[in-house]
Amino acid sequence: MDRYGTDVLADGGWKKKAPPPQVVEALRGVVVEEVASGFVGAVVGVEGRMVRLEDRRGKVRVFPIGPGFLIDGKAVALRVPKVQPKSAGPLRSASGSFAVQGAKARVARGSRIFVEGRHDADLIEKVWGHDLRIEGVAVEYLQGVDHLDEVLRVFEPEPTRKVGVLVDHLVAGSKETRLTDAAIKPWGDTVLVVGHPYIDIWQAVKPERLGMKAWPVIPRGIEWKHGICQALGWPHEDQADIARAWQRILGRVDHFGHLEPALLGRVEQLIDFVTA
């Protein structure tokens with residue numbers, strides 16, 4: 001036995017050509033990386049022999065259709081998609097999942113997802129609404145995590161009626177963490193609480209969508225939403241101003257790519273939990 005192995009060049013393997021890239025239709029929503037520039041974006045349109053890609057910051061670039069792209073690290077060649085019937089809907093939902101065409105909303109399951117407030121529910125509906133209707137999952141809001149204990153006692157979770165909870169600013173040592181730990185203790189595996197690190201769900205929208213590099217830092221003692229509106233030069237005198245500000249922010253969200261990953265993973269985790 002040759003302790004050093006055989007000659008790696010003996011079979012002429014070095015002369016073999018790489019297999020041709022897989023050909024993929026440039027359908028709207030397909031996420032690719034353009035090799036030469038490193039630009040990563042979702043297909044948002046095809047014009048002649050050019051494909052338009054939009055990255056997670058909303059920047060759009062145009063590239064020639066053909067080879068030179070990657071999907072999940074594998075080489076692909078894009079091609080002009082076949083003409084779709086005008087009645088055909090989007091192939092993917094706003095959450096990035098495959099859209100189910102023509103399906104009616106499923107009768108709601110016994111399980112529920114609870115969120116802290118109306119703004120959280122608005123955002124989840126806009127991005128995951130299609131998925132939730134297909135799965136038959138209702139989203140309700142708590143009007144603050146302080147009410148979680150009471151809500152769970154009324155709901156009485158059980159294995160066929162699970163509860164998933166999304167909490168703002170769920171970080172170690174926070175008030176939210178102490179309240180949720182106490183509230184879920186009696187219910188075991190029938191309740192799952194997950195959270196994101198943001199002070200408010202507004203921060204889960206990428207700041208680039210509003211033309212900012214980062215969300216403003218608001219000093220303690222100033223109500224956060226009012227402080228944000230003030231820092232951005234928006235009206236902030238009353239709750240109606242705050243509501244209009246939220247609609248302005250929500251209007252800049254079109255799909256999952258406009259949200260921070262720290263929120264995306266948590267919502268997907270809750271949907272999986274209550275539908276398992």
# chains A, B, ... in the order shown; residues from 1 in each chain; ligands from 1

$ residues_around --residues "Leu142 (chain A)" --least-positions-apart "3" --cutoff "12 Å" --atoms "only C-alpha atoms" --output "ChimeraX atom specification"
/A:112-121,139,145-152,164-168

$ write_last_selection --atoms "N, CA and C atoms" --output "PDB file, in the first residue's frame"
ATOM      1  N   ARG A 112     -53.125  30.105  19.114  1.00  0.00           N
ATOM      2  CA  ARG A 112     -53.101  31.534  18.817  1.00  0.00           C
ATOM      3  C   ARG A 112     -51.675  32.080  18.929  1.00  0.00           C
ATOM      4  N   ILE A 113     -51.459  33.194  18.245  1.00  0.00           N
ATOM      5  CA  ILE A 113     -50.246  33.988  18.445  1.00  0.00           C
ATOM      6  C   ILE A 113     -50.676  35.325  19.039  1.00  0.00           C
ATOM      7  N   PHE A 114     -50.057  35.688  20.147  1.00  0.00           N
ATOM      8  CA  PHE A 114     -50.337  36.973  20.784  1.00  0.00           C
ATOM      9  C   PHE A 114     -49.139  37.897  20.599  1.00  0.00           C
ATOM     10  N   VAL A 115     -49.424  39.158  20.321  1.00  0.00           N
ATOM     11  CA  VAL A 115     -48.374  40.166  20.189  1.00  0.00           C
ATOM     12  C   VAL A 115     -48.705  41.325  21.127  1.00  0.00           C
ATOM     13  N   GLU A 116     -47.727  42.187  21.360  1.00  0.00           N
ATOM     14  CA  GLU A 116     -47.911  43.208  22.392  1.00  0.00           C
ATOM     15  C   GLU A 116     -48.895  44.310  22.029  1.00  0.00           C
ATOM     16  N   GLY A 117     -48.993  44.641  20.757  1.00  0.00           N
ATOM     17  CA  GLY A 117     -49.856  45.756  20.407  1.00  0.00           C
ATOM     18  C   GLY A 117     -50.329  45.720  18.974  1.00  0.00           C
ATOM     19  N   ARG A 118     -51.126  46.707  18.617  1.00  0.00           N
ATOM     20  CA  ARG A 118     -51.729  46.760  17.285  1.00  0.00           C
ATOM     21  C   ARG A 118     -50.679  46.915  16.185  1.00  0.00           C
ATOM     22  N   HIS A 119     -49.628  47.681  16.461  1.00  0.00           N
ATOM     23  CA  HIS A 119     -48.604  47.873  15.438  1.00  0.00           C
ATOM     24  C   HIS A 119     -47.906  46.556  15.107  1.00  0.00           C
ATOM     25  N   ASP A 120     -47.638  45.749  16.136  1.00  0.00           N
ATOM     26  CA  ASP A 120     -47.044  44.425  15.913  1.00  0.00           C
ATOM     27  C   ASP A 120     -47.964  43.590  15.026  1.00  0.00           C
ATOM     28  N   ALA A 121     -49.254  43.606  15.347  1.00  0.00           N
ATOM     29  CA  ALA A 121     -50.220  42.826  14.571  1.00  0.00           C
ATOM     30  C   ALA A 121     -50.298  43.322  13.130  1.00  0.00           C
ATOM     31  N   VAL A 139     -53.999  36.012  14.954  1.00  0.00           N
ATOM     32  CA  VAL A 139     -53.086  36.838  15.742  1.00  0.00           C
ATOM     33  C   VAL A 139     -53.910  37.825  16.552  1.00  0.00           C
ATOM     34  N   VAL A 145     -47.336  43.499  27.578  1.00  0.00           N
ATOM     35  CA  VAL A 145     -46.967  42.215  28.170  1.00  0.00           C
ATOM     36  C   VAL A 145     -47.448  42.104  29.617  1.00  0.00           C
ATOM     37  N   ASP A 146     -47.782  43.223  30.239  1.00  0.00           N
ATOM     38  CA  ASP A 146     -48.304  43.199  31.615  1.00  0.00           C
ATOM     39  C   ASP A 146     -49.580  42.375  31.718  1.00  0.00           C
ATOM     40  N   HIS A 147     -50.295  42.209  30.592  1.00  0.00           N
ATOM     41  CA  HIS A 147     -51.562  41.480  30.601  1.00  0.00           C
ATOM     42  C   HIS A 147     -51.403  39.995  30.267  1.00  0.00           C
ATOM     43  N   LEU A 148     -50.172  39.538  30.028  1.00  0.00           N
ATOM     44  CA  LEU A 148     -49.982  38.159  29.565  1.00  0.00           C
ATOM     45  C   LEU A 148     -50.499  37.135  30.561  1.00  0.00           C
ATOM     46  N   ASP A 149     -50.211  37.315  31.835  1.00  0.00           N
ATOM     47  CA  ASP A 149     -50.646  36.350  32.845  1.00  0.00           C
ATOM     48  C   ASP A 149     -52.169  36.196  32.824  1.00  0.00           C
ATOM     49  N   GLU A 150     -52.875  37.309  32.775  1.00  0.00           N
ATOM     50  CA  GLU A 150     -54.338  37.269  32.756  1.00  0.00           C
ATOM     51  C   GLU A 150     -54.855  36.602  31.487  1.00  0.00           C
ATOM     52  N   VAL A 151     -54.261  36.924  30.346  1.00  0.00           N
ATOM     53  CA  VAL A 151     -54.694  36.350  29.069  1.00  0.00           C
ATOM     54  C   VAL A 151     -54.519  34.842  29.064  1.00  0.00           C
ATOM     55  N   LEU A 152     -53.409  34.363  29.580  1.00  0.00           N
ATOM     56  CA  LEU A 152     -53.165  32.916  29.604  1.00  0.00           C
ATOM     57  C   LEU A 152     -54.134  32.201  30.533  1.00  0.00           C
ATOM     58  N   GLY A 164     -48.427  31.104  21.239  1.00  0.00           N
ATOM     59  CA  GLY A 164     -47.130  31.687  20.934  1.00  0.00           C
ATOM     60  C   GLY A 164     -47.196  33.179  21.222  1.00  0.00           C
ATOM     61  N   VAL A 165     -46.151  33.736  21.805  1.00  0.00           N
ATOM     62  CA  VAL A 165     -46.160  35.145  22.213  1.00  0.00           C
ATOM     63  C   VAL A 165     -44.909  35.830  21.677  1.00  0.00           C
ATOM     64  N   LEU A 166     -45.111  36.965  21.012  1.00  0.00           N
ATOM     65  CA  LEU A 166     -43.999  37.784  20.543  1.00  0.00           C
ATOM     66  C   LEU A 166     -43.898  39.016  21.431  1.00  0.00           C
ATOM     67  N   VAL A 167     -42.713  39.222  22.019  1.00  0.00           N
ATOM     68  CA  VAL A 167     -42.523  40.300  22.991  1.00  0.00           C
ATOM     69  C   VAL A 167     -41.435  41.253  22.512  1.00  0.00           C
ATOM     70  N   ASP A 168     -41.710  42.555  22.645  1.00  0.00           N
ATOM     71  CA  ASP A 168     -40.706  43.572  22.347  1.00  0.00           C
ATOM     72  C   ASP A 168     -39.668  43.632  23.462  1.00  0.00           C
TER      73      ASP A 168
END

$ residues_around --residues "Phe63 (chain A)" --least-positions-apart "5" --cutoff "10 Å" --atoms "only C-alpha atoms" --output "PyMOL selection string"
chain A and resi 34+46+49-53+68-69

$ residues_around --residues "region 208-225 of chain A" --least-positions-apart "3" --cutoff "10 Å" --atoms "only C-alpha atoms" --output "list in words"
Arg56, Arg57, Gly58, Lys59, Ile199, Asp200, Trp202, Gln203, Ala204, Val205, Ile228, Cys229, Gln230, Ala231, Leu232, His236, Gln239, Ile242, Ala243, Ala245, Trp246, Arg248, Ile249, Leu250, Gly251, Arg252, Val253, His258 and Leu259 of chain A

$ select_by_dssp --residues "region 90-218 of chain A" --states "helix (DSSP H, G or I)" --output "mmCIF file with N, CA and C atoms, in the first residue's frame"
data_model
loop_
_atom_site.group_PDB
_atom_site.id
_atom_site.type_symbol
_atom_site.label_atom_id
_atom_site.label_comp_id
_atom_site.auth_asym_id
_atom_site.auth_seq_id
_atom_site.Cartn_x
_atom_site.Cartn_y
_atom_site.Cartn_z
ATOM 1 N N ARG A 118 -51.126 46.707 18.617
ATOM 2 C CA ARG A 118 -51.729 46.760 17.285
ATOM 3 C C ARG A 118 -50.679 46.915 16.185
ATOM 4 N N HIS A 119 -49.628 47.681 16.461
ATOM 5 C CA HIS A 119 -48.604 47.873 15.438
ATOM 6 C C HIS A 119 -47.906 46.556 15.107
ATOM 7 N N ASP A 120 -47.638 45.749 16.136
ATOM 8 C CA ASP A 120 -47.044 44.425 15.913
ATOM 9 C C ASP A 120 -47.964 43.590 15.026
ATOM 10 N N ALA A 121 -49.254 43.606 15.347
ATOM 11 C CA ALA A 121 -50.220 42.826 14.571
ATOM 12 C C ALA A 121 -50.298 43.322 13.130
ATOM 13 N N ASP A 122 -50.244 44.642 12.940
ATOM 14 C CA ASP A 122 -50.274 45.209 11.590
ATOM 15 C C ASP A 122 -49.105 44.699 10.754
ATOM 16 N N LEU A 123 -47.914 44.710 11.340
ATOM 17 C CA LEU A 123 -46.716 44.322 10.606
ATOM 18 C C LEU A 123 -46.735 42.837 10.268
ATOM 19 N N ILE A 124 -47.143 42.014 11.219
ATOM 20 C CA ILE A 124 -47.202 40.576 10.973
ATOM 21 C C ILE A 124 -48.248 40.256 9.908
ATOM 22 N N GLU A 125 -49.372 40.937 9.931
ATOM 23 C CA GLU A 125 -50.400 40.724 8.914
ATOM 24 C C GLU A 125 -49.878 41.093 7.534
ATOM 25 N N LYS A 126 -49.142 42.197 7.439
ATOM 26 C CA LYS A 126 -48.682 42.649 6.127
ATOM 27 C C LYS A 126 -47.687 41.673 5.512
ATOM 28 N N VAL A 127 -46.794 41.105 6.327
ATOM 29 C CA VAL A 127 -45.745 40.239 5.799
ATOM 30 C C VAL A 127 -46.133 38.763 5.830
ATOM 31 N N TRP A 128 -46.798 38.334 6.906
ATOM 32 C CA TRP A 128 -47.115 36.907 7.054
ATOM 33 C C TRP A 128 -48.607 36.611 6.927
ATOM 34 N N GLY A 129 -49.409 37.576 6.539
ATOM 35 C CA GLY A 129 -50.855 37.372 6.503
ATOM 36 C C GLY A 129 -51.279 36.196 5.652
ATOM 37 N N HIS A 130 -50.675 36.060 4.474
ATOM 38 C CA HIS A 130 -51.026 34.939 3.581
ATOM 39 C C HIS A 130 -50.751 33.600 4.269
ATOM 40 N N ASP A 131 -49.575 33.466 4.862
ATOM 41 C CA ASP A 131 -49.200 32.220 5.529
ATOM 42 C C ASP A 131 -50.151 31.897 6.679
ATOM 43 N N LEU A 132 -50.504 32.923 7.451
ATOM 44 C CA LEU A 132 -51.360 32.709 8.613
ATOM 45 C C LEU A 132 -52.768 32.286 8.203
ATOM 46 N N ARG A 133 -53.279 32.850 7.117
ATOM 47 C CA ARG A 133 -54.621 32.451 6.655
ATOM 48 C C ARG A 133 -54.624 31.023 6.125
ATOM 49 N N ILE A 134 -53.557 30.653 5.421
ATOM 50 C CA ILE A 134 -53.455 29.280 4.923
ATOM 51 C C ILE A 134 -53.375 28.288 6.077
ATOM 52 N N GLU A 135 -52.642 28.656 7.126
ATOM 53 C CA GLU A 135 -52.459 27.766 8.277
ATOM 54 C C GLU A 135 -53.602 27.866 9.289
ATOM 55 N N VAL A 145 -47.336 43.499 27.578
ATOM 56 C CA VAL A 145 -46.967 42.215 28.170
ATOM 57 C C VAL A 145 -47.448 42.104 29.617
ATOM 58 N N ASP A 146 -47.782 43.223 30.239
ATOM 59 C CA ASP A 146 -48.304 43.199 31.615
ATOM 60 C C ASP A 146 -49.580 42.375 31.718
ATOM 61 N N HIS A 147 -50.295 42.209 30.592
ATOM 62 C CA HIS A 147 -51.562 41.480 30.601
ATOM 63 C C HIS A 147 -51.403 39.995 30.267
ATOM 64 N N LEU A 148 -50.172 39.538 30.028
ATOM 65 C CA LEU A 148 -49.982 38.159 29.565
ATOM 66 C C LEU A 148 -50.499 37.135 30.561
ATOM 67 N N ASP A 149 -50.211 37.315 31.835
ATOM 68 C CA ASP A 149 -50.646 36.350 32.845
ATOM 69 C C ASP A 149 -52.169 36.196 32.824
ATOM 70 N N GLU A 150 -52.875 37.309 32.775
ATOM 71 C CA GLU A 150 -54.338 37.269 32.756
ATOM 72 C C GLU A 150 -54.855 36.602 31.487
ATOM 73 N N VAL A 151 -54.261 36.924 30.346
ATOM 74 C CA VAL A 151 -54.694 36.350 29.069
ATOM 75 C C VAL A 151 -54.519 34.842 29.064
ATOM 76 N N LEU A 152 -53.409 34.363 29.580
ATOM 77 C CA LEU A 152 -53.165 32.916 29.604
ATOM 78 C C LEU A 152 -54.134 32.201 30.533
ATOM 79 N N ARG A 153 -54.457 32.803 31.661
ATOM 80 C CA ARG A 153 -55.396 32.167 32.584
ATOM 81 C C ARG A 153 -56.794 32.068 31.977
ATOM 82 N N VAL A 154 -57.164 33.049 31.191
ATOM 83 C CA VAL A 154 -58.471 33.009 30.514
ATOM 84 C C VAL A 154 -58.441 32.011 29.362
ATOM 85 N N PHE A 155 -57.360 32.004 28.606
ATOM 86 C CA PHE A 155 -57.253 31.138 27.421
ATOM 87 C C PHE A 155 -57.089 29.667 27.802
ATOM 88 N N LYS A 175 -37.690 44.121 32.322
ATOM 89 C CA LYS A 175 -39.010 43.932 32.932
ATOM 90 C C LYS A 175 -39.805 42.911 32.148
ATOM 91 N N GLU A 176 -39.709 42.972 30.820
ATOM 92 C CA GLU A 176 -40.465 42.055 29.968
ATOM 93 C C GLU A 176 -40.079 40.605 30.237
ATOM 94 N N THR A 177 -38.800 40.350 30.433
ATOM 95 C CA THR A 177 -38.342 38.984 30.704
ATOM 96 C C THR A 177 -38.889 38.480 32.035
ATOM 97 N N ARG A 178 -38.865 39.313 33.060
ATOM 98 C CA ARG A 178 -39.378 38.894 34.375
ATOM 99 C C ARG A 178 -40.875 38.605 34.311
ATOM 100 N N LEU A 179 -41.626 39.451 33.626
ATOM 101 C CA LEU A 179 -43.075 39.254 33.537
ATOM 102 C C LEU A 179 -43.429 37.991 32.764
ATOM 103 N N THR A 180 -42.767 37.754 31.647
ATOM 104 C CA THR A 180 -43.098 36.585 30.832
ATOM 105 C C THR A 180 -42.687 35.291 31.523
ATOM 106 N N ASP A 181 -41.531 35.286 32.195
ATOM 107 C CA ASP A 181 -41.096 34.075 32.906
ATOM 108 C C ASP A 181 -42.125 33.666 33.957
ATOM 109 N N ALA A 182 -42.653 34.631 34.689
ATOM 110 C CA ALA A 182 -43.644 34.332 35.722
ATOM 111 C C ALA A 182 -44.966 33.887 35.112
ATOM 112 N N ALA A 183 -45.367 34.497 34.007
ATOM 113 C CA ALA A 183 -46.668 34.211 33.415
ATOM 114 C C ALA A 183 -46.744 32.822 32.782
ATOM 115 N N ILE A 184 -45.661 32.355 32.177
ATOM 116 C CA ILE A 184 -45.725 31.091 31.431
ATOM 117 C C ILE A 184 -45.385 29.879 32.288
ATOM 118 N N LYS A 185 -44.869 30.107 33.492
ATOM 119 C CA LYS A 185 -44.404 28.992 34.326
ATOM 120 C C LYS A 185 -45.459 27.902 34.520
ATOM 121 N N PRO A 186 -46.747 28.211 34.766
ATOM 122 C CA PRO A 186 -47.728 27.140 35.005
ATOM 123 C C PRO A 186 -48.114 26.338 33.761
ATOM 124 N N TRP A 187 -47.719 26.794 32.556
ATOM 125 C CA TRP A 187 -48.288 26.215 31.339
ATOM 126 C C TRP A 187 -47.343 25.305 30.567
ATOM 127 N N GLY A 188 -46.134 25.143 31.045
ATOM 128 C CA GLY A 188 -45.216 24.184 30.452
ATOM 129 C C GLY A 188 -44.981 24.387 28.966
ATOM 130 N N ASP A 189 -45.040 23.260 28.219
ATOM 131 C CA ASP A 189 -44.709 23.278 26.799
ATOM 132 C C ASP A 189 -45.847 23.767 25.909
ATOM 133 N N THR A 190 -46.932 24.207 26.497
ATOM 134 C CA THR A 190 -48.055 24.674 25.672
ATOM 135 C C THR A 190 -47.942 26.157 25.329
ATOM 136 N N ILE A 201 -41.570 47.572 17.989
ATOM 137 C CA ILE A 201 -41.630 46.881 16.693
ATOM 138 C C ILE A 201 -41.234 47.805 15.546
ATOM 139 N N TRP A 202 -41.362 49.116 15.732
ATOM 140 C CA TRP A 202 -40.929 50.056 14.682
ATOM 141 C C TRP A 202 -39.480 49.792 14.281
ATOM 142 N N GLN A 203 -38.642 49.508 15.273
ATOM 143 C CA GLN A 203 -37.219 49.318 15.014
ATOM 144 C C GLN A 203 -36.920 48.060 14.218
ATOM 145 N N ALA A 204 -37.880 47.163 14.097
ATOM 146 C CA ALA A 204 -37.665 45.954 13.305
ATOM 147 C C ALA A 204 -37.707 46.251 11.810
ATOM 148 N N PRO A 207 -33.816 50.651 8.954
ATOM 149 C CA PRO A 207 -33.813 52.112 8.886
ATOM 150 C C PRO A 207 -33.609 52.655 7.476
ATOM 151 N N GLU A 208 -32.953 51.870 6.629
ATOM 152 C CA GLU A 208 -32.734 52.311 5.250
ATOM 153 C C GLU A 208 -34.045 52.554 4.512
ATOM 154 N N ARG A 209 -35.100 51.878 4.938
ATOM 155 C CA ARG A 209 -36.400 52.045 4.288
ATOM 156 C C ARG A 209 -36.946 53.449 4.513
ATOM 157 N N LEU A 210 -36.436 54.123 5.532
ATOM 158 C CA LEU A 210 -36.869 55.481 5.849
ATOM 159 C C LEU A 210 -35.773 56.493 5.567
#

$ residues_around --residues "Val23 (chain A)" --least-positions-apart "2" --cutoff "8 Å" --atoms "only C-alpha atoms" --output "VMD selection string"
chain A and resid 21 25 76 to 79

$ residues_around --residues "Glu54 (chain A)" --least-positions-apart "2" --cutoff "10 Å" --atoms "only C-alpha atoms" --output "PyMOL selection string"
chain A and resi 29+31-32+39-45+52+56-62+257

$ select_by_dssp --residues "region 25-274 of chain A" --states "strand (DSSP E)" --output "PyMOL selection string"
chain A and resi 25+31-34+40-47+50-54+60-64+69-71+74-79+112-115+138-141+163-167+191-195
